[in-house]
Every structure is written in structure tokens, then in C-alpha cells.
$ cat work33.pdb   # PDB, C-alpha atoms, pLDDT in the B column
MODEL        1
ATOM      1  CA  GLN X 620      81.440 105.385  72.230  1.00 71.00           C
ATOM      2  CA  GLU X 621      83.645 106.006  75.211  1.00 73.00           C
ATOM      3  CA  ARG X 622      84.632 103.156  77.479  1.00 80.00           C
ATOM      4  CA  PHE X 623      86.960 103.308  80.396  1.00 89.00           C
ATOM      5  CA  VAL X 624      89.401 100.438  80.849  1.00 92.00           C
ATOM      6  CA  GLU X 625      90.403  99.544  84.382  1.00 96.00           C
ATOM      7  CA  SER X 626      93.435  97.438  85.281  1.00 97.00           C
ATOM      8  CA  GLY X 627      95.713  96.598  88.179  1.00 98.00           C
ATOM      9  CA  GLY X 628      93.455  94.501  90.360  1.00 98.00           C
ATOM     10  CA  GLY X 629      94.382  91.201  91.903  1.00 98.00           C
ATOM     11  CA  LEU X 630      94.626  89.133  95.043  1.00 98.00           C
ATOM     12  CA  VAL X 631      96.431  90.744  97.964  1.00 98.00           C
ATOM     13  CA  GLN X 632      96.817  89.948 101.644  1.00 98.00           C
ATOM     14  CA  PRO X 633      95.351  92.231 104.315  1.00 98.00           C
ATOM     15  CA  GLY X 634      97.635  95.189 104.812  1.00 98.00           C
ATOM     16  CA  GLY X 635      98.905  95.020 101.257  1.00 98.00           C
ATOM     17  CA  SER X 636      98.784  97.553  98.435  1.00 98.00           C
ATOM     18  CA  LEU X 637      97.610  97.779  94.855  1.00 98.00           C
ATOM     19  CA  ARG X 638      97.540 100.541  92.261  1.00 98.00           C
ATOM     20  CA  LEU X 639      94.637 100.637  89.859  1.00 98.00           C
ATOM     21  CA  SER X 640      94.751 102.398  86.495  1.00 98.00           C
ATOM     22  CA  CYS X 641      91.969 103.820  84.361  1.00 95.00           C
ATOM     23  CA  ALA X 642      92.543 104.614  80.714  1.00 91.00           C
ATOM     24  CA  ALA X 643      90.184 106.232  78.225  1.00 84.00           C
ATOM     25  CA  SER X 644      90.048 105.703  74.495  1.00 77.00           C
ATOM     26  CA  GLY X 645      88.498 108.995  73.499  1.00 77.00           C
ATOM     27  CA  SER X 646      87.877 111.407  76.309  1.00 77.00           C
ATOM     28  CA  ILE X 647      90.544 113.753  77.565  1.00 80.00           C
ATOM     29  CA  LEU X 648      90.322 112.840  81.209  1.00 82.00           C
ATOM     30  CA  SER X 649      91.923 116.038  82.467  1.00 81.00           C
ATOM     31  CA  LEU X 650      88.855 117.974  81.346  1.00 86.00           C
ATOM     32  CA  TYR X 651      86.516 116.108  83.664  1.00 89.00           C
ATOM     33  CA  ALA X 652      85.989 115.186  87.261  1.00 95.00           C
ATOM     34  CA  MET X 653      86.805 111.483  87.394  1.00 95.00           C
ATOM     35  CA  ALA X 654      86.005 108.965  90.072  1.00 97.00           C
ATOM     36  CA  TRP X 655      86.585 105.433  91.239  1.00 98.00           C
ATOM     37  CA  TYR X 656      83.633 103.343  92.297  1.00 98.00           C
ATOM     38  CA  ARG X 657      83.383  99.812  93.653  1.00 98.00           C
ATOM     39  CA  GLN X 658      80.793  97.105  93.953  1.00 98.00           C
ATOM     40  CA  ALA X 659      81.119  94.314  96.475  1.00 97.00           C
ATOM     41  CA  PRO X 660      79.156  91.065  96.102  1.00 92.00           C
ATOM     42  CA  GLY X 661      75.528  91.595  97.016  1.00 94.00           C
ATOM     43  CA  LYS X 662      75.936  95.327  97.476  1.00 96.00           C
ATOM     44  CA  GLN X 663      75.235  98.430  95.455  1.00 97.00           C
ATOM     45  CA  ARG X 664      77.969 100.244  93.625  1.00 97.00           C
ATOM     46  CA  GLU X 665      79.479 102.956  95.798  1.00 98.00           C
ATOM     47  CA  LEU X 666      81.671 105.988  95.294  1.00 98.00           C
ATOM     48  CA  VAL X 667      85.261 105.597  96.496  1.00 98.00           C
ATOM     49  CA  ALA X 668      87.120 108.730  95.409  1.00 98.00           C
ATOM     50  CA  ILE X 669      86.851 111.746  93.103  1.00 98.00           C
ATOM     51  CA  ILE X 670      89.445 113.957  91.476  1.00 97.00           C
ATOM     52  CA  THR X 671      88.261 117.172  89.862  1.00 95.00           C
ATOM     53  CA  SER X 672      89.657 118.755  86.734  1.00 92.00           C
ATOM     54  CA  GLY X 673      91.480 121.166  89.035  1.00 92.00           C
ATOM     55  CA  GLY X 674      93.027 118.361  91.041  1.00 93.00           C
ATOM     56  CA  SER X 675      90.899 118.567  94.187  1.00 96.00           C
ATOM     57  CA  THR X 676      90.125 115.211  95.731  1.00 98.00           C
ATOM     58  CA  TYR X 677      87.335 113.638  97.780  1.00 98.00           C
ATOM     59  CA  TYR X 678      87.298 110.277  99.545  1.00 98.00           C
ATOM     60  CA  ALA X 679      84.665 108.092 101.085  1.00 98.00           C
ATOM     61  CA  ASP X 680      85.121 107.857 104.831  1.00 98.00           C
ATOM     62  CA  SER X 681      85.839 104.136 104.555  1.00 97.00           C
ATOM     63  CA  VAL X 682      89.001 104.707 102.482  1.00 98.00           C
ATOM     64  CA  LYS X 683      90.170 108.102 103.708  1.00 98.00           C
ATOM     65  CA  GLY X 684      93.834 108.008 104.693  1.00 97.00           C
ATOM     66  CA  ARG X 685      94.418 104.700 102.892  1.00 98.00           C
ATOM     67  CA  PHE X 686      93.556 105.392  99.236  1.00 98.00           C
ATOM     68  CA  THR X 687      94.893 108.124  96.967  1.00 98.00           C
ATOM     69  CA  ILE X 688      93.377 109.155  93.640  1.00 98.00           C
ATOM     70  CA  SER X 689      95.609 110.880  91.103  1.00 96.00           C
ATOM     71  CA  ARG X 690      95.869 111.556  87.401  1.00 94.00           C
ATOM     72  CA  ASP X 691      98.636 111.703  84.808  1.00 91.00           C
ATOM     73  CA  ASN X 692      97.384 114.038  82.117  1.00 88.00           C
ATOM     74  CA  ALA X 693     100.220 113.187  79.743  1.00 88.00           C
ATOM     75  CA  LYS X 694      99.154 109.532  79.853  1.00 90.00           C
ATOM     76  CA  ASN X 695      95.434 110.332  79.979  1.00 90.00           C
ATOM     77  CA  THR X 696      95.182 107.985  82.943  1.00 93.00           C
ATOM     78  CA  VAL X 697      93.645 108.130  86.391  1.00 96.00           C
ATOM     79  CA  TYR X 698      95.055 106.044  89.238  1.00 97.00           C
ATOM     80  CA  LEU X 699      93.905 104.739  92.574  1.00 98.00           C
ATOM     81  CA  GLN X 700      96.687 103.865  94.997  1.00 98.00           C
ATOM     82  CA  MET X 701      95.288 101.576  97.674  1.00 98.00           C
ATOM     83  CA  ASN X 702      97.274 100.938 100.840  1.00 98.00           C
ATOM     84  CA  SER X 703      96.468  99.049 104.035  1.00 98.00           C
ATOM     85  CA  LEU X 704      93.907  96.982 102.183  1.00 98.00           C
ATOM     86  CA  GLN X 705      91.327  95.135 104.246  1.00 98.00           C
ATOM     87  CA  PRO X 706      88.952  92.271 103.395  1.00 97.00           C
ATOM     88  CA  GLU X 707      86.070  94.750 103.270  1.00 97.00           C
ATOM     89  CA  ASP X 708      87.804  96.434 100.318  1.00 98.00           C
ATOM     90  CA  THR X 709      87.136  93.332  98.224  1.00 98.00           C
ATOM     91  CA  ALA X 710      85.064  94.436  95.236  1.00 98.00           C
ATOM     92  CA  VAL X 711      85.079  95.112  91.525  1.00 98.00           C
ATOM     93  CA  TYR X 712      86.512  98.589  91.023  1.00 98.00           C
ATOM     94  CA  TYR X 713      85.348 100.846  88.216  1.00 97.00           C
ATOM     95  CA  CYS X 714      86.255 104.279  86.977  1.00 96.00           C
ATOM     96  CA  ASN X 715      83.873 106.726  85.367  1.00 94.00           C
ATOM     97  CA  LYS X 716      83.180 110.415  85.248  1.00 94.00           C
ATOM     98  CA  SER X 717      81.768 112.148  88.296  1.00 94.00           C
ATOM     99  CA  PRO X 718      78.824 112.022  88.192  1.00 95.00           C
ATOM    100  CA  PRO X 719      78.955 108.731  86.284  1.00 93.00           C
ATOM    101  CA  VAL X 720      77.748 108.303  82.725  1.00 90.00           C
ATOM    102  CA  HIS X 721      75.734 105.102  82.396  1.00 90.00           C
ATOM    103  CA  ASP X 722      77.044 104.157  78.965  1.00 87.00           C
ATOM    104  CA  TYR X 723      80.677 104.622  79.981  1.00 88.00           C
ATOM    105  CA  TRP X 724      80.907 101.815  82.565  1.00 90.00           C
ATOM    106  CA  GLY X 725      83.714  99.395  81.731  1.00 90.00           C
ATOM    107  CA  GLN X 726      84.323  95.843  82.889  1.00 93.00           C
ATOM    108  CA  GLY X 727      86.030  96.902  86.084  1.00 96.00           C
ATOM    109  CA  THR X 728      88.951  95.220  87.796  1.00 98.00           C
ATOM    110  CA  GLN X 729      88.588  92.703  90.612  1.00 98.00           C
ATOM    111  CA  VAL X 730      90.315  93.402  93.904  1.00 98.00           C
ATOM    112  CA  THR X 731      90.339  90.572  96.413  1.00 98.00           C
ATOM    113  CA  VAL X 732      91.821  91.037  99.873  1.00 98.00           C
ATOM    114  CA  SER X 733      92.285  87.739 101.622  1.00 97.00           C
ATOM    115  CA  SER X 734      94.834  85.801 103.603  1.00 95.00           C
TER     116      SER X 734
ENDMDL
END
$ encode --input "work33.pdb" --output "C-alpha cells"
Amino acid sequence: QERFVESGGGLVQPGGSLRLSCAASGSILSLYAMAWYRQAPGKQRELVAIITSGGSTYYADSVKGRFTISRDNAKNTVYLQMNSLQPEDTAVYYCNKSPPVHDYWGQGTQVTVSS
């Protein structure tokens, strides 16, 4: 069964940057629209960014201009470059297909923005 494995999270100061990675064990990610989602404490999981199989991208208003989603088809990996991080970006970040497949949720990677 497919699982996505997220990595690259950590603790960063406001204004800092992180790059998250999403790897798949079975699926060929380039064939699908892939997305990053996040869930902050006490809140519902929300969509952050999408990249289609053709390379088009979509961003939530809250991250537009600060985050960039990309993919490396040779590495079968999807990335999320996060710049100008703010405390409100603190959350567990997940990748999944777009729309998401329930059984494919991984463990996520924790991003904490704090001084």
C-alpha cells in the first residue's frame, strides 16, 4: 500500500526558511496532481499547495508568494520550499495526492516557527 514519506521539518525562527520533501515508495508522482497539506494544533487539516502533472501550481492565499511547490521527476520527489516563515505556519505538514487519498496519509513532518 502506498505511503508518502515527508521530511525536512524542524524548528526555525520567524523569517527563516525550510524545504520539505515528499517521497513515494510505489507511485510515480509525476503522473498525479500532488499537494502539501498542513494541520495546526486544534485545527483541521488544510490545503497548502498543489502541483499538477503538467506542472501548474496553486497556493492557498496564506502562503502565496512565500511557498513554492515543485517536483523532481527523476527523484520521484515533491518539494515545498517555505520562505519568510511565520509562527502561524507552525503545523504538521503532509503530502498526498490532490484530491487526497485517505489511506495514503503519512506521518507528516513537524514545522515549528518560533523565536
$ atom_distance --input "work33.pdb" --atom1 "atom CA of X:Pro719" --atom2 "atom CA of X:Ser733"
29.2 Å
$ resolve_selection --input "work33.pdb" --expression "the PyMOL selection byres ((chain X and resi 639) around 9)" --output "ChimeraX atom specification"
/X:625-628,637-638,640-641,697-701,712,728
$ residues_near_point --input "work33.pdb" --point "(85.8, 103.3, 102.4)" --cutoff "10 Å" --atoms "all atoms listed in the file" --output "count of residues only"
16
$ closest_atom_pairs --input "work33.pdb" --of "stretch 644-705 of chain X" --to "stretch 631-636 of chain X" --cutoff "6 Å" --atoms "only C-alpha atoms" --output "Markdown table"
| residue | atom | partner | partner_atom | distance |
| --- | --- | --- | --- | --- |
| X:Met701 | CA | X:Ser636 | CA | 5.4 |
| X:Asn702 | CA | X:Ser636 | CA | 4.4 |
| X:Ser703 | CA | X:Gly634 | CA | 4.1 |
| X:Leu704 | CA | X:Gly634 | CA | 4.9 |
| X:Gln705 | CA | X:Pro633 | CA | 5.0 |
$ residues_near_point --input "work33.pdb" --point "(89.5, 108.2, 87.6)" --cutoff "8 Å" --atoms "only C-alpha atoms" --output "list of chain:residue names"
X:Ser640, X:Cys641, X:Leu648, X:Ala652, X:Met653, X:Ala654, X:Trp655, X:Ile669, X:Ile670, X:Ile688, X:Ser689, X:Arg690, X:Thr696, X:Val697, X:Tyr698, X:Leu699, X:Cys714, X:Asn715, X:Lys716
$ write_last_selection --input "work33.pdb" --atoms "C-alpha atoms" --output "short mmCIF file (atom, residue, chain, number, x, y, z; two decimals), in the coordinates of the input"
data_model
loop_
_atom_site.label_atom_id
_atom_site.label_comp_id
_atom_site.auth_asym_id
_atom_site.auth_seq_id
_atom_site.Cartn_x
_atom_site.Cartn_y
_atom_site.Cartn_z
CA SER X 640 94.75 102.40 86.50
CA CYS X 641 91.97 103.82 84.36
CA LEU X 648 90.32 112.84 81.21
CA ALA X 652 85.99 115.19 87.26
CA MET X 653 86.80 111.48 87.39
CA ALA X 654 86.00 108.96 90.07
CA TRP X 655 86.58 105.43 91.24
CA ILE X 669 86.85 111.75 93.10
CA ILE X 670 89.44 113.96 91.48
CA ILE X 688 93.38 109.16 93.64
CA SER X 689 95.61 110.88 91.10
CA ARG X 690 95.87 111.56 87.40
CA THR X 696 95.18 107.98 82.94
CA VAL X 697 93.64 108.13 86.39
CA TYR X 698 95.06 106.04 89.24
CA LEU X 699 93.90 104.74 92.57
CA CYS X 714 86.26 104.28 86.98
CA ASN X 715 83.87 106.73 85.37
CA LYS X 716 83.18 110.42 85.25
#
$ residues_around --input "work33.pdb" --residues "X:Asn692" --least-positions-apart "2" --cutoff "6 Å" --atoms "all atoms listed in the file" --output "MDAnalysis selection string"
chainID X and resid 649 694:695
$ closest_residue --input "work33.pdb" --among "X:Val624, X:Leu630, X:Leu650, X:Ala659" --to "X:Gln726" --atoms "only C-alpha atoms"
X:Val624
$ closest_residue --input "work33.pdb" --among "X:Ser734, X:Val720, X:Gln663, X:Gly727" --to "X:Glu621" --atoms "only C-alpha atoms"
X:Val720
